[in-house]
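What follows is the content of work02.csv (CSV, C-alpha atoms and all ligand atoms).
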```csv
chain,number,residue,atom,x,y,z
A,196,MET,CA,20.8,5.5,6.0
A,197,GLU,CA,17.7,4.7,8.1
A,198,ASP,CA,15.5,1.8,6.8
A,199,LEU,CA,12.2,2.7,5.2
A,200,LEU,CA,10.6,-0.3,7.0
A,201,ASN,CA,12.1,-2.3,9.8
A,202,ILE,CA,10.2,-5.2,11.3
A,203,THR,CA,11.8,-7.0,14.2
A,204,HIS,CA,10.2,-9.8,16.2
A,205,LEU,CA,6.7,-9.0,15.1
A,206,ASP,CA,4.1,-11.3,16.7
A,207,TYR,CA,0.5,-10.6,16.1
A,208,ARG,CA,-2.8,-12.4,16.7
A,209,TRP,CA,-6.2,-11.0,15.9
A,210,PRO,CA,-8.1,-10.4,19.2
A,211,GLY,CA,-10.0,-13.6,20.1
A,212,SER,CA,-8.4,-15.7,17.3
A,213,ARG,CA,-6.3,-18.7,18.3
A,214,ARG,CA,-5.8,-20.2,14.9
A,215,PHE,CA,-3.6,-17.6,13.2
A,216,ASN,CA,-0.4,-16.0,14.4
A,217,LEU,CA,1.6,-13.6,12.2
A,218,SER,CA,5.2,-14.0,13.4
A,219,ILE,CA,8.1,-12.4,11.5
A,220,ALA,CA,11.6,-12.4,12.9
A,221,SER,CA,12.9,-9.7,10.6
A,222,LEU,CA,11.9,-7.8,7.5
A,223,ARG,CA,13.6,-4.6,6.2
A,224,MET,CA,13.1,-2.4,3.2
A,225,ARG,CA,15.5,0.3,2.0
A,226,ARG,CA,14.1,3.7,0.9
A,227,GLY,CA,12.7,3.5,-2.6
A,228,GLU,CA,12.9,-0.3,-2.7
A,229,THR,CA,10.2,-2.4,-4.4
A,230,LEU,CA,9.4,-5.6,-2.6
A,231,TYR,CA,7.1,-8.3,-3.8
A,232,LEU,CA,5.8,-10.4,-0.9
A,233,ARG,CA,4.1,-13.6,-2.1
A,234,GLY,CA,1.7,-15.6,0.1
A,235,ALA,CA,-1.2,-18.0,-0.2
A,236,SER,CA,-4.7,-16.8,0.6
A,237,GLY,CA,-5.1,-16.6,4.3
A,238,SER,CA,-1.3,-16.6,5.0
A,239,GLY,CA,-1.5,-13.1,6.6
A,240,LYS,CA,-0.6,-10.6,3.9
A,241,SER,CA,-3.4,-8.2,4.6
A,242,THR,CA,-2.8,-8.7,8.4
A,243,LEU,CA,0.8,-7.6,7.9
A,244,LEU,CA,-0.2,-4.5,5.9
A,245,ALA,CA,-2.7,-3.7,8.6
A,246,ALA,CA,0.1,-3.9,11.2
A,247,ILE,CA,2.4,-1.7,9.2
A,248,ALA,CA,-0.3,0.8,8.7
A,249,GLY,CA,-1.1,0.9,12.4
A,250,VAL,CA,-4.6,-0.3,11.9
A,251,VAL,CA,-4.2,-2.9,14.6
A,252,ASP,CA,-2.7,-2.6,18.1
A,253,LEU,CA,0.9,-3.6,18.4
A,254,PRO,CA,3.4,-3.5,21.2
A,255,PRO,CA,6.1,-0.9,20.7
A,256,GLY,CA,9.4,-1.9,19.0
A,257,SER,CA,8.3,-4.3,16.4
A,258,ILE,CA,7.6,-2.0,13.3
A,259,THR,CA,9.2,1.2,12.3
A,260,VAL,CA,8.4,3.2,9.2
A,261,ASP,CA,10.7,6.1,8.4
A,262,GLY,CA,12.1,5.7,11.9
A,263,ILE,CA,8.6,6.0,13.5
A,264,ASP,CA,7.7,3.3,16.0
A,265,VAL,CA,4.2,2.4,14.8
A,266,GLY,CA,3.3,0.5,18.0
A,267,ARG,CA,3.8,3.7,20.0
A,268,LEU,CA,1.3,5.7,18.1
A,269,ARG,CA,-2.2,6.2,19.5
A,270,GLY,CA,-5.5,7.6,18.1
A,271,GLY,CA,-5.0,10.7,16.0
A,272,ALA,CA,-1.3,10.2,15.8
A,273,ARG,CA,-1.8,6.9,13.9
A,274,ASP,CA,-4.1,8.6,11.5
A,275,ARG,CA,-1.6,11.4,10.9
A,276,PHE,CA,1.2,8.8,10.5
A,277,ARG,CA,-0.8,6.9,7.9
A,278,ALA,CA,-1.7,10.0,6.0
A,279,ASN,CA,1.8,11.5,6.0
A,280,HIS,CA,3.9,8.4,5.3
A,281,LEU,CA,1.8,5.8,3.6
A,282,GLY,CA,0.1,5.4,0.3
A,283,MET,CA,-2.5,2.6,0.5
A,284,LEU,CA,-3.8,0.6,-2.5
A,285,PHE,CA,-6.4,-2.0,-1.8
A,286,GLN,CA,-7.8,-5.0,-3.6
A,287,LEU,CA,-11.3,-3.5,-3.9
A,288,PHE,CA,-9.9,0.1,-4.4
A,289,ASN,CA,-12.1,1.6,-1.6
A,290,LEU,CA,-12.9,4.7,-3.7
A,291,LEU,CA,-15.7,7.0,-2.5
A,292,PRO,CA,-18.1,6.5,-5.3
A,293,TRP,CA,-19.9,9.9,-5.0
A,294,LEU,CA,-16.6,11.8,-5.4
A,295,SER,CA,-15.0,12.3,-8.8
A,296,ALA,CA,-11.8,10.6,-9.9
A,297,VAL,CA,-9.8,13.8,-9.2
A,298,GLU,CA,-11.4,14.3,-5.8
A,299,ASN,CA,-10.7,10.7,-4.8
A,300,VAL,CA,-7.0,11.2,-5.7
A,301,MET,CA,-6.8,14.4,-3.7
A,302,LEU,CA,-8.1,12.8,-0.5
A,303,PRO,CA,-4.7,12.2,1.1
A,304,CYS,CA,-3.9,15.9,0.7
A,305,ARG,CA,-7.0,16.7,2.8
A,306,PHE,CA,-5.8,14.6,5.7
A,307,SER,CA,-2.1,15.5,5.5
A,308,SER,CA,-0.6,18.9,5.0
A,309,GLN,CA,2.8,17.2,4.3
A,310,ARG,CA,1.2,15.4,1.4
A,311,ARG,CA,-0.6,18.5,0.2
A,312,ASP,CA,2.7,20.5,0.3
A,313,ARG,CA,4.6,17.8,-1.6
A,314,ALA,CA,1.8,17.6,-4.2
A,315,GLY,CA,2.8,21.1,-5.3
A,316,PRO,CA,0.9,24.3,-5.8
A,317,SER,CA,-2.2,22.7,-7.3
A,318,PRO,CA,-3.2,19.2,-5.9
A,319,SER,CA,-5.8,18.9,-8.5
A,320,ALA,CA,-3.3,19.4,-11.3
A,321,SER,CA,-1.0,16.9,-9.6
A,322,ALA,CA,-4.0,14.4,-9.4
A,323,GLU,CA,-4.7,14.9,-13.1
A,324,ARG,CA,-1.1,14.5,-14.0
A,325,LEU,CA,-0.8,11.3,-12.0
A,326,LEU,CA,-4.0,9.9,-13.5
A,327,GLY,CA,-2.6,10.6,-17.0
A,328,GLU,CA,0.7,9.0,-16.2
A,329,LEU,CA,-1.1,5.9,-14.9
A,330,GLY,CA,-3.0,5.6,-18.2
A,331,PHE,CA,-6.4,7.1,-17.2
A,332,GLU,CA,-7.1,8.2,-20.8
A,333,ASP,CA,-10.7,9.4,-20.7
A,334,THR,CA,-10.3,13.0,-19.5
A,335,ALA,CA,-14.1,13.5,-19.8
A,336,LEU,CA,-14.4,11.1,-16.8
A,337,LEU,CA,-12.0,12.9,-14.6
A,338,HIS,CA,-14.8,14.9,-12.9
A,339,ALA,CA,-17.5,12.2,-13.1
A,340,PRO,CA,-18.4,10.3,-9.9
A,341,ALA,CA,-16.0,7.4,-9.4
A,342,GLY,CA,-18.9,5.0,-9.1
A,343,GLN,CA,-19.4,5.4,-12.9
A,344,LEU,CA,-15.8,4.3,-13.8
A,345,SER,CA,-14.7,0.9,-15.2
A,346,VAL,CA,-12.7,-1.4,-13.0
A,347,GLY,CA,-9.5,-0.5,-14.8
A,348,GLN,CA,-10.2,3.2,-14.4
A,349,GLN,CA,-11.0,2.8,-10.7
A,350,GLN,CA,-7.7,1.0,-10.2
A,351,ARG,CA,-5.8,3.8,-11.7
A,352,VAL,CA,-7.6,6.3,-9.5
A,353,ALA,CA,-6.7,4.1,-6.4
A,354,ALA,CA,-3.1,4.0,-7.5
A,355,ALA,CA,-2.9,7.8,-8.1
A,356,ARG,CA,-4.5,8.3,-4.7
A,357,ALA,CA,-1.8,6.2,-3.1
A,358,LEU,CA,1.0,8.1,-4.8
A,359,ILE,CA,-0.1,11.7,-4.6
A,360,GLY,CA,2.2,13.9,-2.4
A,361,SER,CA,5.0,11.2,-2.5
A,362,PRO,CA,4.5,9.1,0.5
A,363,GLY,CA,7.7,7.2,1.6
A,364,LEU,CA,6.0,3.8,1.4
A,365,VAL,CA,3.2,2.5,-0.8
A,366,LEU,CA,1.4,-0.6,0.6
A,367,ALA,CA,-0.4,-2.5,-2.2
A,368,ASP,CA,-2.8,-5.3,-1.2
A,369,GLU,CA,-3.4,-7.5,-4.3
A,370,PRO,CA,-4.5,-4.5,-6.4
A,371,THR,CA,-4.3,-6.5,-9.7
A,372,SER,CA,-6.7,-9.3,-8.7
A,373,ALA,CA,-9.6,-7.8,-10.8
A,374,LEU,CA,-7.5,-7.5,-14.0
A,375,ASP,CA,-6.8,-9.8,-16.8
A,376,GLU,CA,-3.2,-11.1,-17.5
A,377,SER,CA,-2.0,-8.5,-19.9
A,378,ALA,CA,-3.6,-5.6,-18.0
A,379,LYS,CA,-1.8,-6.7,-14.8
A,380,GLY,CA,1.7,-6.3,-16.2
A,381,VAL,CA,1.0,-3.0,-17.7
A,382,PHE,CA,-0.5,-1.7,-14.5
A,383,VAL,CA,2.3,-2.9,-12.3
A,384,ASP,CA,4.9,-1.3,-14.6
A,385,LEU,CA,3.1,2.0,-14.5
A,386,LEU,CA,2.8,1.7,-10.7
A,387,LEU,CA,6.5,1.0,-10.4
A,388,ARG,CA,7.5,3.9,-12.6
A,389,GLU,CA,5.4,6.3,-10.6
A,390,CYS,CA,6.8,5.0,-7.3
A,391,ALA,CA,10.3,5.6,-8.6
A,392,ALA,CA,9.3,9.1,-9.8
A,393,ALA,CA,7.9,9.8,-6.3
A,394,GLY,CA,10.9,8.2,-4.5
A,395,ALA,CA,8.4,5.9,-2.8
A,396,GLY,CA,9.2,2.3,-1.8
A,397,LEU,CA,6.5,-0.3,-2.7
A,398,LEU,CA,5.5,-3.3,-0.6
A,399,PHE,CA,3.2,-5.3,-2.9
A,400,VAL,CA,1.5,-8.4,-1.6
A,401,SER,CA,-0.1,-11.0,-3.9
A,402,HIS,CA,-0.2,-14.7,-4.7
A,403,ASP,CA,0.3,-14.1,-8.4
A,404,ARG,CA,3.8,-15.3,-9.4
A,405,SER,CA,3.7,-13.8,-12.9
A,406,LEU,CA,4.4,-10.3,-11.4
A,407,GLU,CA,7.5,-11.2,-9.5
A,408,PRO,CA,10.1,-10.2,-12.2
A,409,HIS,CA,9.0,-6.6,-12.1
A,410,PHE,CA,10.3,-6.1,-8.5
A,411,ASP,CA,13.7,-5.4,-6.9
A,412,ARG,CA,13.2,-8.3,-4.4
A,413,VAL,CA,10.8,-11.2,-3.9
A,414,LEU,CA,10.0,-12.9,-0.6
A,415,GLU,CA,7.6,-15.7,0.4
A,416,LEU,CA,5.6,-14.8,3.6
A,417,SER,CA,5.6,-18.4,4.8
A,418,GLU,CA,9.4,-18.5,4.9
A,419,LEU,CA,9.5,-15.3,6.9
A,420,GLN,CA,6.8,-16.7,9.1
A,421,ASN,CA,8.9,-19.7,9.9
A,422,GLY,CA,11.7,-17.4,10.9
A,423,ALA,CA,13.7,-19.2,8.2
A,424,THR,CA,14.7,-16.0,6.3
A,425,THR,CA,16.2,-12.8,7.7
A,426,CYS,CA,16.2,-9.9,5.3
B,501,LIG,N1,-10.3,-8.5,10.9
B,501,LIG,C1,-9.9,-9.7,11.2
B,501,LIG,N2,-10.3,-10.2,12.4
B,501,LIG,C2,-10.0,-11.5,12.8
B,501,LIG,N3,-9.3,-12.3,12.0
B,501,LIG,C3,-8.9,-11.9,10.8
B,501,LIG,C4,-9.2,-10.6,10.4
B,501,LIG,N4,-8.6,-10.4,9.1
B,501,LIG,C5,-8.0,-11.5,8.9
B,501,LIG,N5,-8.2,-12.4,9.9
B,501,LIG,C6,-7.6,-13.8,9.9
B,501,LIG,O1,-6.2,-13.7,9.8
B,501,LIG,C7,-5.7,-14.8,9.0
B,501,LIG,C8,-4.9,-14.2,7.8
B,501,LIG,O2,-5.8,-13.4,7.0
B,501,LIG,P1,-5.3,-12.3,5.9
B,501,LIG,O3,-4.3,-11.5,6.6
B,501,LIG,O4,-6.5,-11.7,5.4
B,501,LIG,O5,-4.6,-13.3,4.8
B,501,LIG,P2,-4.3,-12.9,3.3
B,501,LIG,O6,-4.4,-11.5,3.1
B,501,LIG,O7,-2.9,-13.5,3.1
B,501,LIG,O8,-5.3,-13.7,2.5
B,501,LIG,C9,-6.9,-15.6,8.5
B,501,LIG,O9,-7.0,-16.7,9.3
B,501,LIG,C10,-8.0,-14.6,8.7
B,501,LIG,O10,-9.2,-15.3,9.0
B,502,MG,MG,-5.6,-10.3,1.9
```
Please lay out the structure from this file as structure tokens.
Amino acid sequence: MEDLLNITHLDYRWPGSRRFNLSIASLRMRRGETLYLRGASGSGKSTLLAAIAGVVDLPPGSITVDGIDVGRLRGGARDRFRANHLGMLFQLFNLLPWLSAVENVMLPCRFSSQRRDRAGPSPSASAERLLGELGFEDTALLHAPAGQLSVGQQQRVAAARALIGSPGLVLADEPTSALDESAKGVFVDLLLRECAAAGAGLLFVSHDRSLEPHFDRVLELSELQNGATTC
């Protein structure tokens, strides 16, 4: 079966930057796989996720997601690719504070008819269900502006938004950095359970080693960077 993610000879430098070079010989993920990619601050984790998401310009041939060559996409095709295939979960959550929790979760369905169709007949019901599964307990706040939510609640909204409409791949960029130790493990377990239910693979980047045992596979970015490991 086709890989979910296939990276081959990725070489990326931010425009104008001489210091940093992201260079990965090979990295592959199977469908539904959960991969924990560890790396020190500044090692290029967010850069790698930006490359996979088509946020930066890449030459063709270095990254495919669901068989789609990300480097070949331009303009609106990149936006559609991202909306259709990827769930994105960020360190600072990136919620729209004036929209409610449910409206934030439904955003991918606005940008992708595939996601909307997969979310079922009622995207708002799907959003509420996901929020419930992810431990968003205060139903009175479901329709309040997201700016009024606690950090833990915002994080659940961000996770539900990444998962709605079952994207093939969820990219998570240190989403537990604002949580205390016990809350981290609980959140990661909920996230993994919902990824499995959605059939989504999860690429989770972090520097926090305590979370490693939750995942199918663990890799160190600096080892990939040196070309030492081929996976
Ligand atoms: N938007 C950007 N423009 C230029 N350089 C960047 C940008 N984002 C990150 N970098 C540089 O890329 C390198 C890797 O950063 P990053 O991918 O953010 O690492 P990490 O997420 O592992 O902390 C750093 O040297 C950083 O300064
Ligand atoms: Mg980062």
> Once you count all atoms listed in the file, which residues end up within 6 Å of ligand LIG 501 (chain B), and could you hand them over as a ChimeraX atom specification?
Replying inline: /A:209,215,234-242
Keeping only C-alpha atoms, write those residues as an mmCIF file, keeping the file's coordinate frame.
```cif
data_model
loop_
_atom_site.group_PDB
_atom_site.id
_atom_site.type_symbol
_atom_site.label_atom_id
_atom_site.label_comp_id
_atom_site.auth_asym_id
_atom_site.auth_seq_id
_atom_site.Cartn_x
_atom_site.Cartn_y
_atom_site.Cartn_z
ATOM 1 C CA TRP A 209 -6.200 -11.000 15.900
ATOM 2 C CA PHE A 215 -3.600 -17.600 13.200
ATOM 3 C CA GLY A 234 1.700 -15.600 0.100
ATOM 4 C CA ALA A 235 -1.200 -18.000 -0.200
ATOM 5 C CA SER A 236 -4.700 -16.800 0.600
ATOM 6 C CA GLY A 237 -5.100 -16.600 4.300
ATOM 7 C CA SER A 238 -1.300 -16.600 5.000
ATOM 8 C CA GLY A 239 -1.500 -13.100 6.600
ATOM 9 C CA LYS A 240 -0.600 -10.600 3.900
ATOM 10 C CA SER A 241 -3.400 -8.200 4.600
ATOM 11 C CA THR A 242 -2.800 -8.700 8.400
#
```
>> Need to verify the contact set: range 295-308 of chain A, 8 Å, only C-alpha atoms, exclusion of same-chain residues closer than 4 positions in sequence. Can you return it as a ChimeraX atom specification?
In response: /A:275,278-279,290-291,312,314,318-319,322-323,336-341,349,352-353,355-357,359-360
> Neighbours of Ser372 in chain A within 12 Å (all atoms listed in the file; same-chain residues fewer than 3 positions away dropped), as a ChimeraX atom specification?
Replying inline: /A:285-288,346-347,350,367-369,375-376,378-380,382-383,400-403,406
> In Å to one decimal, how far is CA of Met224 in chain A from CA of Asp198 in chain A?
Replying inline: 6.0 Å
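The shell of residues at most 12 Å from Leu217 in chain A, with all atoms listed in the file counted and near chain neighbours (fewer than 6 positions) removed, consists of A:His204, A:Leu205, A:Asp206, A:Tyr207, A:Arg208, A:Trp209, A:Gly237, A:Ser238, A:Gly239, A:Lys240, A:Ser241, A:Thr242, A:Leu243, A:Leu244, A:Ala245, A:Ala246, A:Leu253, A:Leu416, A:Ser417, A:Glu418, A:Leu419, A:Gln420, A:Asn421, A:Gly422.
Nearest to Asp274 in chain A of all the residues A:Gly262, A:Gly249, A:Gly256, A:Pro292 is A:Gly249, counting only C-alpha atoms.
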>> Using all atoms listed in the file for the distances, tell me which of A:Ala391, A:Leu374, A:Leu232, A:Leu222 is nearest to ligand MG 502 (chain B).
In response: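 Going through A:Ala391, A:Leu374, A:Leu232, A:Leu222 one by one, the smallest distance to ligand MG 502 (chain B) is for A:Leu232.
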>> Report, in Å with one decimal, the straight-line distance from CA of Ser345 in chain A to CA of Ser321 in chain A.
In response: 21.8 Å
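With only C-alpha atoms as the atoms that count, the residue of A:Arg310, A:Gly330, A:Ala220, A:Tyr231 with the shortest distance to Ser405 in chain A is A:Tyr231.
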> Quick one: of A:Arg233, A:Arg273, A:Arg223, A:Arg311, who's nearest to ligand MG 502 (chain B), counting only C-alpha atoms and all ligand atoms?
Replying inline: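 Of all the options, A:Arg233 lies closest to ligand MG 502 (chain B).
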> Suppose you want the space between CA of His409 in chain A and CA of Val260 in chain A; what is it in Å?
Replying inline: 23.5 Å
> If we count all atoms listed in the file, what is near Val265 in chain A at a cut-off of 10 Å, once residues fewer than 4 positions away on the same chain are taken out, given as a list in words?
Replying inline: Ala246, Ile247, Ala248, Gly249, Val250, Val251, Asp252, Leu253, Pro254, Pro255, Gly256, Ser257, Ile258, Thr259, Val260, Asp261, Arg269, Ala272, Arg273, Phe276 and Arg277 of chain A
Would you put the residues from that selection into a file with C-alpha atoms, as an mmCIF file, in the coordinates of the input?
```cif
data_model
loop_
_atom_site.group_PDB
_atom_site.id
_atom_site.type_symbol
_atom_site.label_atom_id
_atom_site.label_comp_id
_atom_site.auth_asym_id
_atom_site.auth_seq_id
_atom_site.Cartn_x
_atom_site.Cartn_y
_atom_site.Cartn_z
ATOM 1 C CA ALA A 246 0.100 -3.900 11.200
ATOM 2 C CA ILE A 247 2.400 -1.700 9.200
ATOM 3 C CA ALA A 248 -0.300 0.800 8.700
ATOM 4 C CA GLY A 249 -1.100 0.900 12.400
ATOM 5 C CA VAL A 250 -4.600 -0.300 11.900
ATOM 6 C CA VAL A 251 -4.200 -2.900 14.600
ATOM 7 C CA ASP A 252 -2.700 -2.600 18.100
ATOM 8 C CA LEU A 253 0.900 -3.600 18.400
ATOM 9 C CA PRO A 254 3.400 -3.500 21.200
ATOM 10 C CA PRO A 255 6.100 -0.900 20.700
ATOM 11 C CA GLY A 256 9.400 -1.900 19.000
ATOM 12 C CA SER A 257 8.300 -4.300 16.400
ATOM 13 C CA ILE A 258 7.600 -2.000 13.300
ATOM 14 C CA THR A 259 9.200 1.200 12.300
ATOM 15 C CA VAL A 260 8.400 3.200 9.200
ATOM 16 C CA ASP A 261 10.700 6.100 8.400
ATOM 17 C CA ARG A 269 -2.200 6.200 19.500
ATOM 18 C CA ALA A 272 -1.300 10.200 15.800
ATOM 19 C CA ARG A 273 -1.800 6.900 13.900
ATOM 20 C CA PHE A 276 1.200 8.800 10.500
ATOM 21 C CA ARG A 277 -0.800 6.900 7.900
#
```
>> Residues within 8 Å of Glu228 in chain A, please, as an MDAnalysis selection string. Count all atoms listed in the file; anything in the same chain fewer than 5 positions from it doesn't count.
In response: chainID A and resid 395:397 411
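If you measure from each of A:Leu325, A:Pro370, A:Gln348, A:Arg412 to ligand MG 502 (chain B) using only C-alpha atoms and all ligand atoms, the closest one turns out to be A:Pro370.
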>> Given only C-alpha atoms and all ligand atoms as the basis, pick out the residue of A:Arg351, A:Phe399, A:Leu199, A:Ser361 nearest to ligand MG 502 (chain B).
In response: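 With only C-alpha atoms and all ligand atoms as the atom set, the closest residue is A:Phe399.
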